[in-house]
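J.: Contents of start_3.cif (mmCIF, C-alpha atoms):
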data_target
#
loop_
_atom_site.label_atom_id
_atom_site.label_comp_id
_atom_site.auth_asym_id
_atom_site.auth_seq_id
_atom_site.Cartn_x
_atom_site.Cartn_y
_atom_site.Cartn_z
CA ASN A 1 -15.67 47.35 -29.23
CA ASP A 2 -13.66 44.10 -29.17
CA SER A 3 -10.34 45.92 -29.63
CA LYS A 4 -10.61 47.20 -26.07
CA ALA A 5 -11.53 43.86 -24.46
CA ILE A 6 -9.22 42.56 -21.72
CA THR A 7 -9.00 38.95 -20.58
CA LEU A 8 -7.94 38.39 -16.95
CA VAL A 9 -6.57 35.13 -15.57
CA PHE A 10 -5.75 34.54 -11.90
CA GLU A 11 -4.04 31.59 -10.25
CA ASP A 12 -5.93 29.70 -7.58
CA ASP A 13 -3.98 31.17 -4.67
CA VAL A 14 -4.38 34.92 -5.24
CA ALA A 15 -7.10 37.49 -4.78
CA PRO A 16 -7.43 40.95 -6.30
CA GLU A 17 -6.87 43.91 -4.02
CA ALA A 18 -10.01 45.82 -2.99
CA ASP A 19 -9.34 48.63 -5.49
CA PHE A 20 -8.28 46.27 -8.29
CA ILE A 21 -10.69 47.46 -10.99
CA PRO A 22 -9.93 51.19 -10.84
CA ARG A 23 -6.19 50.49 -10.52
CA LEU A 24 -6.22 48.14 -13.54
CA TRP A 25 -8.18 50.70 -15.54
CA ARG A 26 -5.62 53.37 -14.60
CA LEU A 27 -2.74 51.04 -15.57
CA VAL A 28 -4.28 50.38 -18.99
CA ARG A 29 -5.18 54.03 -19.64
CA GLU A 30 -2.09 55.75 -18.22
CA ASP A 31 0.87 53.35 -17.99
CA LEU A 32 0.62 50.67 -20.67
CA PRO A 33 1.72 51.64 -24.18
CA CYS A 34 -0.99 51.42 -26.82
CA ASP A 35 0.51 48.32 -28.44
CA TRP A 36 0.64 46.07 -25.32
CA GLN A 37 -0.29 42.39 -25.65
CA ILE A 38 0.05 41.01 -22.11
CA VAL A 39 0.88 42.29 -18.64
CA SER A 40 1.82 40.26 -15.59
CA LEU A 41 0.13 41.81 -12.57
CA TYR A 42 2.59 40.31 -10.05
CA SER A 43 6.10 39.57 -11.32
CA ARG A 44 8.94 38.45 -9.09
CA CYS A 45 12.48 39.35 -10.14
CA ALA A 46 11.14 41.68 -12.81
CA PHE A 47 13.74 42.18 -15.51
CA GLY A 48 13.44 44.78 -18.21
CA THR A 49 13.16 48.50 -18.80
CA CYS A 50 11.05 50.75 -16.60
CA VAL A 51 8.37 52.44 -18.69
CA SER A 52 6.45 54.04 -15.82
CA PRO A 53 6.63 54.14 -12.01
CA HIS A 54 4.54 50.94 -11.89
CA LEU A 55 5.58 48.99 -14.96
CA THR A 56 8.49 47.35 -16.78
CA ARG A 57 8.80 46.26 -20.39
CA VAL A 58 10.00 42.68 -19.97
CA GLN A 59 13.19 41.68 -21.74
CA PRO A 60 14.92 38.29 -22.01
CA ASP A 61 17.74 37.88 -19.52
CA VAL A 62 20.65 37.42 -21.90
CA ASN A 63 22.87 36.59 -18.91
CA GLU A 64 21.15 33.20 -18.84
CA PRO A 65 21.64 30.68 -21.66
CA ALA A 66 18.90 30.11 -24.23
CA TRP A 67 18.95 26.34 -23.58
CA ARG A 68 17.79 27.13 -20.03
CA CYS A 69 15.04 29.33 -21.48
CA ARG A 70 16.76 32.38 -19.99
CA HIS A 71 15.42 31.06 -16.68
CA GLY A 72 15.79 33.23 -13.59
CA VAL A 73 13.70 36.38 -13.95
CA ASN A 74 10.09 37.52 -14.33
CA TRP A 75 8.72 34.69 -12.22
CA GLY A 76 5.09 34.47 -11.36
CA TRP A 77 1.86 33.87 -13.13
CA GLN A 78 -0.40 34.86 -10.26
CA GLY A 79 -2.42 37.14 -12.48
CA VAL A 80 -2.18 38.35 -16.05
CA ALA A 81 -4.17 40.64 -18.29
CA TYR A 82 -4.26 39.91 -21.99
CA ARG A 83 -5.38 42.27 -24.70
CA THR A 84 -7.99 39.84 -26.00
CA THR A 85 -7.49 40.64 -29.68
CA GLU A 86 -3.76 39.88 -29.34
CA ILE A 87 -4.00 36.40 -27.75
CA GLN A 88 -3.61 34.49 -31.03
CA ASN A 89 -0.68 36.64 -32.15
CA LEU A 90 0.96 36.10 -28.78
CA GLN A 91 0.42 32.34 -28.95
CA ARG A 92 2.08 32.08 -32.38
CA VAL A 93 5.35 33.17 -30.78
CA TRP A 94 4.86 31.70 -27.31
CA LYS A 95 3.70 28.13 -28.06
CA PRO A 96 6.83 27.06 -29.96
CA ALA A 97 8.90 28.17 -26.95
CA ILE A 98 6.75 26.25 -24.46
CA PHE A 99 6.38 23.03 -26.44
CA ASN A 100 10.00 22.50 -27.43
CA GLU A 101 11.54 19.28 -26.14
CA MET A 102 15.02 20.82 -26.40
CA THR A 103 14.15 23.46 -23.78
CA PRO A 104 12.19 21.72 -20.99
CA ARG A 105 12.56 24.72 -18.66
CA CYS A 106 10.29 26.61 -21.03
CA LEU A 107 7.32 24.54 -19.81
CA ASP A 108 6.90 27.24 -17.15
CA LEU A 109 4.63 29.80 -18.79
CA ASP A 110 6.21 32.81 -17.13
CA VAL A 111 9.74 31.75 -18.04
CA ALA A 112 8.80 30.91 -21.63
CA LEU A 113 7.08 34.23 -22.19
CA ALA A 114 10.01 36.17 -20.72
CA SER A 115 12.37 34.25 -23.02
CA VAL A 116 10.50 35.48 -26.12
CA SER A 117 9.77 38.96 -24.78
CA ASP A 118 11.98 40.47 -27.46
CA ARG A 119 9.33 39.31 -29.98
CA VAL A 120 6.13 40.13 -28.05
CA ARG A 121 4.93 43.16 -26.14
CA PHE A 122 5.06 41.85 -22.57
CA TYR A 123 4.93 44.14 -19.56
CA ALA A 124 5.06 43.42 -15.84
CA VAL A 125 4.11 45.00 -12.55
CA PRO A 126 6.92 44.16 -10.11
CA SER A 127 5.71 42.25 -7.05
CA SER A 128 7.47 44.85 -4.89
CA GLN A 129 4.76 47.41 -5.75
CA SER A 130 2.80 48.30 -2.66
CA PRO A 131 -0.07 48.27 -2.75
CA GLY A 132 -0.06 45.79 -5.59
CA PHE A 133 -2.83 44.51 -7.81
CA LEU A 134 -3.00 41.06 -6.23
CA LYS A 135 -2.38 39.47 -2.88
CA GLU A 136 -1.20 35.94 -2.39
CA MET A 137 -3.30 33.85 -0.03
CA SER A 138 -1.91 31.12 2.18
CA LEU A 139 -4.38 28.53 0.96
CA GLY A 140 -1.84 26.46 -0.92
CA SER A 141 -1.78 25.94 -4.64
CA ALA A 142 -3.26 22.99 -6.52
CA ARG A 143 -0.54 23.38 -9.16
CA PHE A 144 2.23 23.22 -6.56
CA SER A 145 0.68 20.13 -4.99
CA ILE A 146 0.45 18.40 -8.36
CA ASN A 147 4.02 19.37 -9.25
CA THR A 148 5.34 17.89 -6.00
CA GLY A 149 3.44 14.63 -6.43
CA ASP A 150 0.72 15.17 -3.84
CA THR A 151 -2.01 12.71 -4.83
CA HIS A 152 -4.68 14.67 -2.98
CA PRO A 153 -4.16 18.35 -3.87
CA MET A 154 -6.04 20.79 -1.69
#
Once you've parsed the file, please lay out its structure as structure tokens.

T.:
Amino acid sequence: NDSKAITLVFEDDVAPEADFIPRLWRLVREDLPCDWQIVSLYSRCAFGTCVSPHLTRVQPDVNEPAWRCRHGVNWGWQGVAYRTTEIQNLQRVWKPAIFNEMTPRCLDLDVALASVSDRVRFYAVPSSQSPGFLKEMSLGSARFSINTGDTHPM
């Protein structure tokens, strides 16, 4: 049944915890509301409303101006789970925020999604959860190297 399919995306510098699959299954079955579209599996500075002991419903930080893309919370794109059938609906709202020359800070995917979280169903697992779903590895990140101008990433 395609309505139950989940798409996982990990950054290049993380690894799933040993018990990742049963914990993700438990998160989807017991913690996530039935209408969820996307969940960040490792969110720094999580901002929103707690919906379970392990999960927040992300909200835009209205303390930050819209022209800055409400920048400052819900950082991290180390790993996300998408409800596969909702990806196109999510993109209809998310893409205009990312590709808007008036808000260059929205080029960061995590920031852009948090800024429109009042129009999508975005949840996050705070990075302070221990054990978490993911662990960061000290291998370096190709994205960070590219962003800082390293001509020979990793």

J.: Quick one: residues within 9 Å of Asp110 (chain A), all atoms listed in the file counted, chain neighbours fewer than 5 positions away excluded, as number ranges by chain?

T.: A: 40, 43, 73-77, 115

J.: Could you write out as a VMD selection string the residues that the PyMOL selection byres ((chain A and resi 122) around 7) matches in the shown file?

T.: chain A and resid 36 to 39 57 to 58 117 120 to 121 123 to 124

J.: When you count all atoms listed in the file, which of these residues is closest to Asp12 (chain A): A:Cys50, A:Val62, A:Leu134, A:Leu109?

T.: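 Comparing A:Cys50, A:Val62, A:Leu134, A:Leu109 against Asp12 (chain A), the winner is A:Leu134.
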
J.: I need the residue nearest Trp25 (chain A) from this list: A:Ala81, A:Ile87, A:Val9, A:Ala114. Use only C-alpha atoms for the distance.

T.: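 Between A:Ala81, A:Ile87, A:Val9, A:Ala114, the residue approaching Trp25 (chain A) most closely is A:Ala81.
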
J.: From the list A:Ser127, A:Thr7, A:Asn89, A:Asn100, which residue is nearest Leu55 (chain A) when using only C-alpha atoms?

T.: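 Under the stated criterion, the closest residue is A:Ser127.
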
J.: With distances taken over all atoms listed in the file, which of A:Leu41, A:Met102, A:Ala112, A:Val28 is nearest to Cys69 (chain A)?

T.: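 Of A:Leu41, A:Met102, A:Ala112, A:Val28, the one nearest Cys69 (chain A), counting all atoms listed in the file, is A:Ala112.
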
J.: May I ask for the distance between CA of Arg119 (chain A) and CA of Leu107 (chain A), given in Å to one decimal place?

T.: 18.0 Å

J.: Output the residue selection produced by the PyMOL selection byres ((chain A and resi 136) around 12) on the file above, formatted as number ranges by chain.

T.: A: 10-17, 41-42, 76-79, 127, 132-135, 137-141

J.: Please measure the separation of CA of Gly72 (chain A) and CA of Asp35 (chain A), giving the value in Å to one decimal.

T.: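 Taking CA of Gly72 (chain A) as the start and CA of Asp35 (chain A) as the end point, the length is 26.1 Å.
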
J.: Can you tell me how far CA of Pro60 (chain A) sits from CA of Phe47 (chain A), in Å to one decimal?

T.: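 Between CA of Pro60 (chain A) and CA of Phe47 (chain A) the gap is 7.7 Å.
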
J.: Given only C-alpha atoms as the basis, pick out the residue of A:Cys45, A:Ala18, A:Leu24, A:Val93 nearest to Pro126 (chain A).

T.: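 Between A:Cys45, A:Ala18, A:Leu24, A:Val93, the residue approaching Pro126 (chain A) most closely is A:Cys45.
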
J.: Counting only C-alpha atoms, which of A:Leu27, A:Val125, A:Ala5, A:Ala97 gets nearest to Ala66 (chain A)?

T.: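 Looking at the shortest contact to Ala66 (chain A), the residue is A:Ala97.
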